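Visitor: As input, take run.txt (compact mmCIF, N, CA and C atoms):
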# COMPACT_ATOMS: atom_id res chain seq x y z
N MET F 1 0.83 -1.19 0.00
CA MET F 1 0.00 0.00 0.00
C MET F 1 0.87 1.24 0.00
N ASP F 2 0.49 2.13 -0.82
CA ASP F 2 1.21 3.39 -0.88
C ASP F 2 0.44 4.42 -0.08
N TYR F 3 0.99 4.76 1.11
CA TYR F 3 0.31 5.70 1.99
C TYR F 3 0.63 7.16 1.65
N LEU F 4 1.75 7.35 1.06
CA LEU F 4 2.20 8.73 0.88
C LEU F 4 2.11 9.17 -0.57
N ASN F 5 1.67 10.35 -0.73
CA ASN F 5 1.68 10.97 -2.04
C ASN F 5 2.96 11.79 -2.14
N LYS F 6 3.11 12.49 -3.20
CA LYS F 6 4.27 13.37 -3.32
C LYS F 6 4.20 14.47 -2.28
N PRO F 7 5.31 15.04 -1.86
CA PRO F 7 5.30 16.11 -0.86
C PRO F 7 4.44 17.28 -1.32
N ASN F 8 3.93 18.00 -0.35
CA ASN F 8 3.14 19.20 -0.63
C ASN F 8 4.00 20.21 -1.38
N PRO F 9 3.36 21.05 -2.18
CA PRO F 9 4.14 22.06 -2.91
C PRO F 9 4.92 22.95 -1.97
N GLY F 10 4.38 23.20 -0.77
CA GLY F 10 5.06 24.11 0.15
C GLY F 10 6.13 23.44 0.97
N GLY F 11 6.14 22.14 0.99
CA GLY F 11 7.19 21.68 1.84
C GLY F 11 7.24 20.23 2.25
N ALA F 12 7.45 20.05 3.51
CA ALA F 12 7.96 18.81 4.02
C ALA F 12 6.92 17.76 4.38
N LEU F 13 5.69 18.15 4.63
CA LEU F 13 4.72 17.19 5.11
C LEU F 13 4.05 16.45 3.96
N PRO F 14 4.04 15.13 4.01
CA PRO F 14 3.37 14.37 2.96
C PRO F 14 1.86 14.36 3.16
N VAL F 15 1.13 14.07 2.12
CA VAL F 15 -0.32 13.99 2.18
C VAL F 15 -0.69 12.51 2.17
N PHE F 16 -1.60 12.11 3.08
CA PHE F 16 -2.02 10.72 3.14
C PHE F 16 -3.16 10.48 2.14
N ARG F 17 -3.08 9.38 1.44
CA ARG F 17 -4.11 9.05 0.48
C ARG F 17 -5.19 8.18 1.09
N GLU F 18 -4.84 7.32 2.01
CA GLU F 18 -5.79 6.37 2.60
C GLU F 18 -6.75 7.10 3.53
N PRO F 19 -8.03 6.74 3.50
CA PRO F 19 -8.98 7.36 4.44
C PRO F 19 -8.76 6.82 5.85
N ASP F 20 -9.22 7.58 6.82
CA ASP F 20 -9.07 7.18 8.22
C ASP F 20 -10.22 6.25 8.62
N THR F 21 -10.25 5.09 8.07
CA THR F 21 -11.29 4.13 8.45
C THR F 21 -10.65 2.96 9.16
N LEU F 22 -11.38 2.47 10.12
CA LEU F 22 -10.92 1.30 10.88
C LEU F 22 -12.04 0.28 10.91
N THR F 23 -11.65 -0.96 10.96
CA THR F 23 -12.66 -2.00 11.18
C THR F 23 -13.05 -1.95 12.65
N PRO F 24 -14.21 -2.48 13.00
CA PRO F 24 -14.60 -2.50 14.42
C PRO F 24 -13.55 -3.18 15.30
N HIS F 25 -12.96 -4.23 14.79
CA HIS F 25 -11.93 -4.94 15.57
C HIS F 25 -10.72 -4.04 15.84
N GLN F 26 -10.28 -3.30 14.84
CA GLN F 26 -9.15 -2.39 15.02
C GLN F 26 -9.48 -1.28 16.02
N TYR F 27 -10.69 -0.76 15.91
CA TYR F 27 -11.10 0.30 16.83
C TYR F 27 -11.15 -0.20 18.27
N LEU F 28 -11.79 -1.34 18.49
CA LEU F 28 -11.91 -1.87 19.85
C LEU F 28 -10.56 -2.26 20.42
N ARG F 29 -9.64 -2.69 19.57
CA ARG F 29 -8.31 -3.03 20.05
C ARG F 29 -7.57 -1.79 20.56
N THR F 30 -7.84 -0.64 19.95
CA THR F 30 -7.17 0.57 20.41
C THR F 30 -7.87 1.17 21.62
N VAL F 31 -9.19 1.02 21.70
CA VAL F 31 -9.94 1.60 22.81
C VAL F 31 -9.81 0.72 24.05
N ARG F 32 -10.02 -0.56 23.88
CA ARG F 32 -9.91 -1.50 25.00
C ARG F 32 -8.56 -2.16 24.95
N ARG F 33 -7.85 -2.01 26.03
CA ARG F 33 -6.56 -2.68 26.10
C ARG F 33 -6.78 -4.11 26.54
N GLU F 34 -5.88 -4.97 26.16
CA GLU F 34 -5.96 -6.35 26.61
C GLU F 34 -5.77 -6.41 28.12
N ASP F 35 -4.95 -5.51 28.63
CA ASP F 35 -4.80 -5.36 30.07
C ASP F 35 -6.09 -4.79 30.63
N LEU F 36 -6.59 -5.34 31.71
CA LEU F 36 -7.73 -4.72 32.35
C LEU F 36 -7.30 -3.49 33.11
N PHE F 37 -6.08 -3.54 33.65
CA PHE F 37 -5.57 -2.42 34.42
C PHE F 37 -4.33 -1.85 33.76
N THR F 38 -4.44 -0.61 33.37
CA THR F 38 -3.27 0.11 32.89
C THR F 38 -2.43 0.44 34.12
N PRO F 39 -1.21 0.87 33.95
CA PRO F 39 -0.40 1.23 35.13
C PRO F 39 -1.07 2.29 36.01
N GLU F 40 -1.77 3.23 35.39
CA GLU F 40 -2.45 4.26 36.16
C GLU F 40 -3.56 3.65 37.01
N LYS F 41 -4.30 2.73 36.42
CA LYS F 41 -5.38 2.08 37.15
C LYS F 41 -4.83 1.13 38.21
N GLN F 42 -3.67 0.54 37.96
CA GLN F 42 -3.04 -0.29 38.98
C GLN F 42 -2.69 0.55 40.20
N LEU F 43 -2.19 1.76 39.97
CA LEU F 43 -1.89 2.67 41.07
C LEU F 43 -3.18 3.04 41.81
N MET F 44 -4.22 3.34 41.07
CA MET F 44 -5.50 3.69 41.71
C MET F 44 -6.03 2.52 42.54
N PHE F 45 -5.94 1.33 41.99
CA PHE F 45 -6.40 0.15 42.72
C PHE F 45 -5.58 -0.07 43.98
N ALA F 46 -4.26 0.15 43.91
CA ALA F 46 -3.40 0.00 45.09
C ALA F 46 -3.78 1.00 46.17
N LEU F 47 -4.10 2.23 45.80
CA LEU F 47 -4.53 3.23 46.78
C LEU F 47 -5.84 2.81 47.44
N LEU F 48 -6.78 2.35 46.65
CA LEU F 48 -8.07 1.91 47.17
C LEU F 48 -7.90 0.69 48.08
N GLU F 49 -7.09 -0.24 47.65
CA GLU F 49 -6.85 -1.45 48.44
C GLU F 49 -6.20 -1.11 49.78
N ASP F 50 -5.24 -0.20 49.77
CA ASP F 50 -4.57 0.20 51.01
C ASP F 50 -5.53 0.90 51.96
N ALA F 51 -6.38 1.76 51.42
CA ALA F 51 -7.34 2.47 52.28
C ALA F 51 -8.32 1.50 52.92
N VAL F 52 -8.82 0.54 52.16
CA VAL F 52 -9.75 -0.44 52.72
C VAL F 52 -9.04 -1.31 53.75
N PHE F 53 -7.81 -1.69 53.48
CA PHE F 53 -7.03 -2.46 54.45
C PHE F 53 -6.87 -1.69 55.76
N CYS F 54 -6.47 -0.43 55.67
CA CYS F 54 -6.27 0.39 56.88
C CYS F 54 -7.59 0.58 57.62
N PHE F 55 -8.68 0.77 56.89
CA PHE F 55 -10.00 0.93 57.51
C PHE F 55 -10.38 -0.32 58.29
N GLN F 56 -10.15 -1.48 57.71
CA GLN F 56 -10.56 -2.73 58.35
C GLN F 56 -9.56 -3.18 59.42
N GLU F 57 -8.29 -3.06 59.13
CA GLU F 57 -7.27 -3.58 60.04
C GLU F 57 -7.15 -2.75 61.32
N PHE F 58 -7.32 -1.45 61.20
CA PHE F 58 -7.07 -0.57 62.34
C PHE F 58 -8.35 -0.01 62.96
N LEU F 59 -9.48 -0.61 62.68
CA LEU F 59 -10.75 -0.16 63.25
C LEU F 59 -10.70 -0.16 64.78
N LEU F 60 -10.16 -1.20 65.36
CA LEU F 60 -10.13 -1.33 66.82
C LEU F 60 -8.74 -1.03 67.39
N ALA F 61 -7.95 -0.27 66.67
CA ALA F 61 -6.58 0.02 67.10
C ALA F 61 -6.57 0.80 68.40
N SER F 62 -5.66 0.43 69.27
CA SER F 62 -5.56 1.12 70.56
C SER F 62 -4.38 2.10 70.59
N ASP F 63 -3.37 1.87 69.77
CA ASP F 63 -2.25 2.82 69.77
C ASP F 63 -2.54 4.00 68.86
N ARG F 64 -1.92 5.12 69.14
CA ARG F 64 -2.22 6.39 68.48
C ARG F 64 -1.95 6.36 66.98
N LYS F 65 -0.83 5.77 66.58
CA LYS F 65 -0.44 5.78 65.17
C LYS F 65 -1.44 5.00 64.31
N ARG F 66 -1.82 3.82 64.75
CA ARG F 66 -2.77 3.02 63.98
C ARG F 66 -4.17 3.62 64.00
N ALA F 67 -4.55 4.20 65.13
CA ALA F 67 -5.86 4.85 65.21
C ALA F 67 -5.92 6.05 64.25
N GLU F 68 -4.83 6.78 64.14
CA GLU F 68 -4.77 7.91 63.21
C GLU F 68 -4.82 7.42 61.77
N THR F 69 -4.17 6.30 61.48
CA THR F 69 -4.22 5.71 60.14
C THR F 69 -5.64 5.31 59.80
N TYR F 70 -6.36 4.73 60.76
CA TYR F 70 -7.76 4.38 60.56
C TYR F 70 -8.60 5.63 60.26
N ARG F 71 -8.41 6.67 61.06
CA ARG F 71 -9.18 7.90 60.86
C ARG F 71 -8.91 8.52 59.49
N ALA F 72 -7.65 8.50 59.06
CA ALA F 72 -7.32 9.06 57.74
C ALA F 72 -7.97 8.25 56.62
N ALA F 73 -7.94 6.93 56.73
CA ALA F 73 -8.57 6.09 55.71
C ALA F 73 -10.08 6.30 55.71
N LYS F 74 -10.67 6.37 56.89
CA LYS F 74 -12.11 6.59 57.00
C LYS F 74 -12.50 7.93 56.38
N HIS F 75 -11.72 8.96 56.67
CA HIS F 75 -11.99 10.30 56.13
C HIS F 75 -11.91 10.27 54.59
N TRP F 76 -10.88 9.63 54.05
CA TRP F 76 -10.70 9.58 52.60
C TRP F 76 -11.84 8.82 51.93
N ILE F 77 -12.25 7.71 52.53
CA ILE F 77 -13.30 6.88 51.94
C ILE F 77 -14.66 7.57 51.99
N PHE F 78 -14.98 8.18 53.12
CA PHE F 78 -16.33 8.72 53.30
C PHE F 78 -16.46 10.20 52.95
N GLU F 79 -15.38 10.83 52.55
CA GLU F 79 -15.44 12.23 52.14
C GLU F 79 -16.06 12.34 50.75
N ALA F 80 -17.02 13.21 50.61
CA ALA F 80 -17.69 13.41 49.32
C ALA F 80 -16.97 14.51 48.55
N ASP F 81 -15.82 14.16 48.01
CA ASP F 81 -15.01 15.15 47.29
C ASP F 81 -14.53 14.52 46.00
N ASP F 82 -14.89 15.11 44.89
CA ASP F 82 -14.40 14.59 43.62
C ASP F 82 -13.55 15.63 42.88
N ASP F 83 -13.10 16.65 43.60
CA ASP F 83 -12.26 17.68 42.99
C ASP F 83 -10.83 17.18 42.78
N TRP F 84 -10.39 16.30 43.65
CA TRP F 84 -9.02 15.81 43.62
C TRP F 84 -8.95 14.60 42.71
N LEU F 85 -7.92 14.50 41.87
CA LEU F 85 -7.78 13.41 40.92
C LEU F 85 -7.82 12.04 41.61
N PHE F 86 -7.15 11.93 42.76
CA PHE F 86 -7.09 10.65 43.46
C PHE F 86 -8.05 10.59 44.64
N SER F 87 -9.19 11.22 44.51
CA SER F 87 -10.21 11.10 45.55
C SER F 87 -10.83 9.71 45.44
N PHE F 88 -11.45 9.28 46.53
CA PHE F 88 -12.09 7.97 46.57
C PHE F 88 -13.11 7.83 45.44
N GLU F 89 -13.94 8.84 45.27
CA GLU F 89 -14.98 8.79 44.24
C GLU F 89 -14.39 8.69 42.84
N ASN F 90 -13.37 9.47 42.55
CA ASN F 90 -12.76 9.44 41.21
C ASN F 90 -12.08 8.11 40.94
N ILE F 91 -11.43 7.55 41.95
CA ILE F 91 -10.77 6.26 41.76
C ILE F 91 -11.80 5.17 41.49
N CYS F 92 -12.85 5.14 42.30
CA CYS F 92 -13.90 4.13 42.09
C CYS F 92 -14.50 4.24 40.70
N GLU F 93 -14.79 5.44 40.27
CA GLU F 93 -15.39 5.64 38.95
C GLU F 93 -14.43 5.26 37.84
N ALA F 94 -13.14 5.56 38.02
CA ALA F 94 -12.15 5.19 37.00
C ALA F 94 -12.03 3.67 36.88
N LEU F 95 -12.23 2.97 37.99
CA LEU F 95 -12.15 1.52 37.98
C LEU F 95 -13.48 0.87 37.59
N GLY F 96 -14.52 1.69 37.45
CA GLY F 96 -15.82 1.17 37.04
C GLY F 96 -16.67 0.66 38.19
N TRP F 97 -16.39 1.12 39.40
CA TRP F 97 -17.13 0.68 40.58
C TRP F 97 -17.92 1.84 41.17
N SER F 98 -18.97 1.50 41.87
CA SER F 98 -19.80 2.52 42.51
C SER F 98 -19.22 2.89 43.87
N PRO F 99 -18.85 4.16 44.08
CA PRO F 99 -18.31 4.56 45.39
C PRO F 99 -19.31 4.33 46.52
N GLU F 100 -20.59 4.60 46.26
CA GLU F 100 -21.61 4.42 47.31
C GLU F 100 -21.78 2.95 47.68
N HIS F 101 -21.68 2.09 46.71
CA HIS F 101 -21.81 0.65 46.98
C HIS F 101 -20.66 0.19 47.89
N ILE F 102 -19.47 0.63 47.61
CA ILE F 102 -18.32 0.25 48.44
C ILE F 102 -18.47 0.85 49.84
N ARG F 103 -18.89 2.10 49.92
CA ARG F 103 -19.09 2.73 51.24
C ARG F 103 -20.13 1.97 52.06
N GLN F 104 -21.24 1.61 51.43
CA GLN F 104 -22.29 0.87 52.14
C GLN F 104 -21.76 -0.48 52.63
N GLY F 105 -20.97 -1.14 51.79
CA GLY F 105 -20.38 -2.42 52.19
C GLY F 105 -19.45 -2.26 53.39
N LEU F 106 -18.65 -1.22 53.39
CA LEU F 106 -17.75 -0.98 54.52
C LEU F 106 -18.52 -0.61 55.79
N LYS F 107 -19.61 0.13 55.65
CA LYS F 107 -20.44 0.45 56.82
C LYS F 107 -21.04 -0.82 57.41
N ARG F 108 -21.56 -1.70 56.54
CA ARG F 108 -22.12 -2.97 57.03
C ARG F 108 -21.05 -3.82 57.69
N TRP F 109 -19.86 -3.87 57.10
CA TRP F 109 -18.77 -4.64 57.68
C TRP F 109 -18.42 -4.10 59.07
N LYS F 110 -18.33 -2.78 59.19
CA LYS F 110 -17.98 -2.17 60.47
C LYS F 110 -19.04 -2.46 61.53
N THR F 111 -20.30 -2.39 61.17
CA THR F 111 -21.39 -2.67 62.10
C THR F 111 -21.30 -4.11 62.60
N ARG F 112 -21.08 -5.06 61.68
CA ARG F 112 -20.95 -6.46 62.09
C ARG F 112 -19.73 -6.69 62.97
N LYS F 113 -18.63 -6.04 62.61
CA LYS F 113 -17.39 -6.20 63.39
C LYS F 113 -17.59 -5.67 64.81
N LEU F 114 -18.18 -4.51 64.94
CA LEU F 114 -18.40 -3.94 66.27
C LEU F 114 -19.44 -4.75 67.05
N ALA F 115 -20.46 -5.25 66.38
CA ALA F 115 -21.47 -6.07 67.06
C ALA F 115 -20.84 -7.37 67.55
N GLY F 116 -19.98 -7.98 66.75
CA GLY F 116 -19.28 -9.19 67.17
C GLY F 116 -18.38 -8.94 68.35
N ARG F 117 -17.74 -7.80 68.34
CA ARG F 117 -16.86 -7.45 69.46
C ARG F 117 -17.67 -7.27 70.74
N ASN F 118 -18.83 -6.64 70.63
CA ASN F 118 -19.68 -6.44 71.80
C ASN F 118 -20.22 -7.77 72.32
N ARG F 119 -20.54 -8.71 71.42
CA ARG F 119 -20.99 -10.03 71.85
C ARG F 119 -19.91 -10.76 72.63
N ILE F 120 -18.67 -10.63 72.16
CA ILE F 120 -17.55 -11.27 72.86
C ILE F 120 -17.40 -10.65 74.24
N ARG F 121 -17.46 -9.33 74.31
CA ARG F 121 -17.36 -8.66 75.60
C ARG F 121 -18.47 -9.11 76.55
N LEU F 122 -19.70 -9.18 76.01
CA LEU F 122 -20.84 -9.56 76.82
C LEU F 122 -20.70 -11.00 77.32
N SER F 123 -20.24 -11.91 76.45
CA SER F 123 -20.08 -13.30 76.88
C SER F 123 -18.97 -13.42 77.93
N ARG F 124 -17.91 -12.64 77.77
CA ARG F 124 -16.85 -12.66 78.78
C ARG F 124 -17.36 -12.10 80.11
N LEU F 125 -18.15 -11.06 80.03
CA LEU F 125 -18.73 -10.46 81.23
C LEU F 125 -19.66 -11.46 81.92
N ARG F 126 -20.48 -12.15 81.15
CA ARG F 126 -21.37 -13.15 81.73
C ARG F 126 -20.58 -14.28 82.38
N ALA F 127 -19.53 -14.73 81.70
CA ALA F 127 -18.72 -15.81 82.26
C ALA F 127 -18.06 -15.35 83.56
N ARG F 128 -17.55 -14.13 83.57
CA ARG F 128 -16.90 -13.60 84.76
C ARG F 128 -17.92 -13.43 85.89
N THR F 129 -19.11 -12.96 85.55
CA THR F 129 -20.17 -12.78 86.54
C THR F 129 -20.59 -14.13 87.11
N ARG F 130 -20.75 -15.13 86.25
CA ARG F 130 -21.10 -16.48 86.73
C ARG F 130 -20.03 -17.02 87.65
N ALA F 131 -18.77 -16.81 87.26
CA ALA F 131 -17.67 -17.30 88.09
C ALA F 131 -17.68 -16.60 89.44
N GLN F 132 -17.92 -15.31 89.43
CA GLN F 132 -17.97 -14.58 90.70
C GLN F 132 -19.15 -15.02 91.54
N LEU F 133 -20.30 -15.21 90.89
CA LEU F 133 -21.48 -15.65 91.63
C LEU F 133 -21.32 -17.07 92.16
N SER F 134 -20.70 -17.94 91.39
CA SER F 134 -20.49 -19.31 91.89
C SER F 134 -19.50 -19.30 93.04
N GLY F 135 -18.52 -18.42 92.99
CA GLY F 135 -17.58 -18.29 94.11
C GLY F 135 -18.27 -17.77 95.35
N VAL F 136 -19.19 -16.83 95.17
CA VAL F 136 -19.95 -16.27 96.29
C VAL F 136 -20.88 -17.34 96.86
N SER F 137 -21.55 -18.09 95.97
CA SER F 137 -22.49 -19.09 96.46
C SER F 137 -21.78 -20.19 97.21
N SER F 138 -20.58 -20.59 96.77
CA SER F 138 -19.86 -21.63 97.50
C SER F 138 -19.39 -21.11 98.85
N ARG F 139 -19.01 -19.87 98.94
CA ARG F 139 -18.60 -19.31 100.22
C ARG F 139 -19.78 -19.18 101.18
N VAL F 140 -20.93 -18.81 100.59
CA VAL F 140 -22.12 -18.65 101.44
C VAL F 140 -22.55 -20.00 101.99
N THR F 141 -22.52 -21.04 101.17
CA THR F 141 -22.96 -22.35 101.65
C THR F 141 -21.96 -22.91 102.66
N MET F 142 -20.70 -22.62 102.51
CA MET F 142 -19.72 -23.10 103.50
C MET F 142 -19.93 -22.43 104.84
N ARG F 143 -20.36 -21.25 104.82
CA ARG F 143 -20.56 -20.51 106.08
C ARG F 143 -21.95 -20.74 106.65
N GLY F 144 -22.70 -21.59 106.00
CA GLY F 144 -24.02 -21.88 106.52
C GLY F 144 -25.07 -20.92 106.05
N GLY F 145 -24.88 -20.40 104.84
CA GLY F 145 -25.84 -19.45 104.30
C GLY F 145 -27.02 -20.12 103.68
N PHE F 146 -27.73 -19.36 102.91
CA PHE F 146 -28.98 -19.82 102.32
C PHE F 146 -28.78 -20.72 101.12
N LEU F 147 -27.70 -20.61 100.45
CA LEU F 147 -27.53 -21.38 99.21
C LEU F 147 -26.98 -22.74 99.45
Produce structure tokens that represent the structure in this file.
Guide:
Amino acid sequence: MDYLNKPNPGGALPVFREPDTLTPHQYLRTVRREDLFTPEKQLMFALLEDAVFCFQEFLLASDRKRAETYRAAKHWIFEADDDWLFSFENICEALGWSPEHIRQGLKRWKTRKLAGRNRIRLSRLRARTRAQLSGVSSRVTMRGGFL
């Protein structure tokens, strides 16, 4: 195929003869990469993954540094700001995910995690109370009490 015609009368740039047509396959190959994640999207995914990890891992953190990491991740995730290129909302949209759906999932996860923690505390409290009451009842019966 001869793509080039003779140079323009004025100079250096050649004129293309072939029209700018592409088959659907050629077009889709240029628009959709075989990679699902370009390097930019890999970076965005890594930021999102790290924020979710910090939110989940440090939810119950007792030391100051981890608690601050949790607060920063929570602020970034739940902040409604799309002005910044790497905001939570922009990253989710660039990856094709719904920011609200992810936020709702994290809220449900947090509720279950805290509820489970409270159940453990309550069961420990009940066990400790039973142990204390059984110790009291055995002392009372040894001393000739009512039990």
Visitor: List the spatial neighbours of Trp76 in chain F as a list in words - criterion: any atom at most 10 Å away, only C-alpha atoms, same-chain residues fewer than 3 positions off excluded.
Guide: Leu48, Ala51, Phe55, Tyr70, Arg71, Ala72, Ala73, Glu79, Ala80, Asp81, Phe86, Ser87, Phe88 and Glu89 of chain F
Visitor: Which of range 22-88 of chain F counts as alpha helix (DSSP H) under DSSP, as a ChimeraX atom specification please?
Guide: /F:24-31,39-57,64-78,88
Visitor: Can you tell me which residues surround range 102-107 of chain F at a distance of at most 9 Å, considering only C-alpha atoms, apart from same-chain residues fewer than 6 positions away, and format the answer as a PyMOL selection string?
Guide: chain F and resi 52+55-56+77-78+92
Visitor: Could the residues in this selection be written to a file with N, CA and C atoms, as a JSON list (two decimals), keeping the file's coordinate frame?
Guide:
[["chain", "number", "residue", "atom", "x", "y", "z"],
["F", 52, "VAL", "N", -8.82, 0.54, 52.16],
["F", 52, "VAL", "CA", -9.75, -0.44, 52.72],
["F", 52, "VAL", "C", -9.04, -1.31, 53.75],
["F", 55, "PHE", "N", -8.68, 0.77, 56.89],
["F", 55, "PHE", "CA", -10.00, 0.93, 57.51],
["F", 55, "PHE", "C", -10.38, -0.32, 58.29],
["F", 56, "GLN", "N", -10.15, -1.48, 57.71],
["F", 56, "GLN", "CA", -10.56, -2.73, 58.35],
["F", 56, "GLN", "C", -9.56, -3.18, 59.42],
["F", 77, "ILE", "N", -12.25, 7.71, 52.53],
["F", 77, "ILE", "CA", -13.30, 6.88, 51.94],
["F", 77, "ILE", "C", -14.66, 7.57, 51.99],
["F", 78, "PHE", "N", -14.98, 8.18, 53.12],
["F", 78, "PHE", "CA", -16.33, 8.72, 53.30],
["F", 78, "PHE", "C", -16.46, 10.20, 52.95],
["F", 92, "CYS", "N", -12.85, 5.14, 42.30],
["F", 92, "CYS", "CA", -13.90, 4.13, 42.09],
["F", 92, "CYS", "C", -14.50, 4.24, 40.70]]
Visitor: Could you state the separation of atom N of Trp97 in chain F and atom C of Leu59 in chain F in Å, given to one decimal place?
Guide: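 The value is 26.0 Å.
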Visitor: Taking only residues of range 49-109 of chain F that have an atom at most 8 Å from an atom of range 36-43 of chain F, what is each one's shortest atom pair and its distance in Å to one decimal, using only N, CA and C atoms, in chain and number order, as JSON lines?
Guide:
{"residue": "F:Glu49", "atom": "N", "partner": "F:Leu43", "partner_atom": "C", "distance": 7.8}
{"residue": "F:Ala94", "atom": "C", "partner": "F:Lys41", "partner_atom": "CA", "distance": 6.8}
{"residue": "F:Leu95", "atom": "CA", "partner": "F:Lys41", "partner_atom": "CA", "distance": 6.8}
Visitor: Output, as JSON, the centre and edge lengths in Å (one decimal) of the axis-aligned box that contains all listed atoms of range 111-115 of chain F with 3 Å of margin on each side.
Guide:
{"center_x": -19.4, "center_y": -4.9, "center_z": 64.4, "size_x": 10.1, "size_y": 11.0, "size_z": 12.4}
Visitor: Any idea what the distance is between atom C of Leu85 in chain F and CA of Glu100 in chain F?
Guide: 16.8 Å
Visitor: Taking only C-alpha atoms into account, which of F:Cys54, F:Ala67, F:Leu60, F:Pro24 comes nearest Arg117 in chain F?
Guide: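 Once distances to Arg117 in chain F are computed over only C-alpha atoms, the minimum belongs to F:Leu60.
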Visitor: Report, in Å with one decimal, the straight-line distance from CA of Leu114 in chain F to CA of Ala61 in chain F.
Guide: 12.5 Å
Visitor: Export range 53-65 of chain F of the preceding structure, keeping N, CA and C atoms, as a PDB file, in the first residue's frame.
Guide:
ATOM      1  N   PHE F  53      -7.808  -1.686  53.482  1.00  0.00           N
ATOM      2  CA  PHE F  53      -7.028  -2.463  54.450  1.00  0.00           C
ATOM      3  C   PHE F  53      -6.869  -1.691  55.760  1.00  0.00           C
ATOM      4  N   CYS F  54      -6.468  -0.429  55.675  1.00  0.00           N
ATOM      5  CA  CYS F  54      -6.273   0.387  56.884  1.00  0.00           C
ATOM      6  C   CYS F  54      -7.594   0.584  57.624  1.00  0.00           C
ATOM      7  N   PHE F  55      -8.683   0.772  56.892  1.00  0.00           N
ATOM      8  CA  PHE F  55      -9.998   0.933  57.514  1.00  0.00           C
ATOM      9  C   PHE F  55     -10.378  -0.323  58.290  1.00  0.00           C
ATOM     10  N   GLN F  56     -10.154  -1.484  57.705  1.00  0.00           N
ATOM     11  CA  GLN F  56     -10.558  -2.726  58.355  1.00  0.00           C
ATOM     12  C   GLN F  56      -9.556  -3.178  59.416  1.00  0.00           C
ATOM     13  N   GLU F  57      -8.294  -3.063  59.129  1.00  0.00           N
ATOM     14  CA  GLU F  57      -7.268  -3.581  60.045  1.00  0.00           C
ATOM     15  C   GLU F  57      -7.147  -2.750  61.316  1.00  0.00           C
ATOM     16  N   PHE F  58      -7.321  -1.448  61.202  1.00  0.00           N
ATOM     17  CA  PHE F  58      -7.074  -0.567  62.342  1.00  0.00           C
ATOM     18  C   PHE F  58      -8.346  -0.005  62.960  1.00  0.00           C
ATOM     19  N   LEU F  59      -9.483  -0.609  62.680  1.00  0.00           N
ATOM     20  CA  LEU F  59     -10.749  -0.164  63.249  1.00  0.00           C
ATOM     21  C   LEU F  59     -10.699  -0.163  64.777  1.00  0.00           C
ATOM     22  N   LEU F  60     -10.158  -1.196  65.355  1.00  0.00           N
ATOM     23  CA  LEU F  60     -10.127  -1.335  66.819  1.00  0.00           C
ATOM     24  C   LEU F  60      -8.743  -1.032  67.393  1.00  0.00           C
ATOM     25  N   ALA F  61      -7.951  -0.272  66.667  1.00  0.00           N
ATOM     26  CA  ALA F  61      -6.581   0.015  67.104  1.00  0.00           C
ATOM     27  C   ALA F  61      -6.574   0.803  68.403  1.00  0.00           C
ATOM     28  N   SER F  62      -5.657   0.425  69.275  1.00  0.00           N
ATOM     29  CA  SER F  62      -5.559   1.123  70.558  1.00  0.00           C
ATOM     30  C   SER F  62      -4.384   2.101  70.592  1.00  0.00           C
ATOM     31  N   ASP F  63      -3.370   1.873  69.768  1.00  0.00           N
ATOM     32  CA  ASP F  63      -2.246   2.819  69.774  1.00  0.00           C
ATOM     33  C   ASP F  63      -2.543   4.000  68.858  1.00  0.00           C
ATOM     34  N   ARG F  64      -1.925   5.118  69.143  1.00  0.00           N
ATOM     35  CA  ARG F  64      -2.225   6.387  68.484  1.00  0.00           C
ATOM     36  C   ARG F  64      -1.946   6.360  66.977  1.00  0.00           C
ATOM     37  N   LYS F  65      -0.828   5.772  66.582  1.00  0.00           N
ATOM     38  CA  LYS F  65      -0.441   5.781  65.169  1.00  0.00           C
ATOM     39  C   LYS F  65      -1.441   4.997  64.311  1.00  0.00           C
TER      40      LYS F  65
END
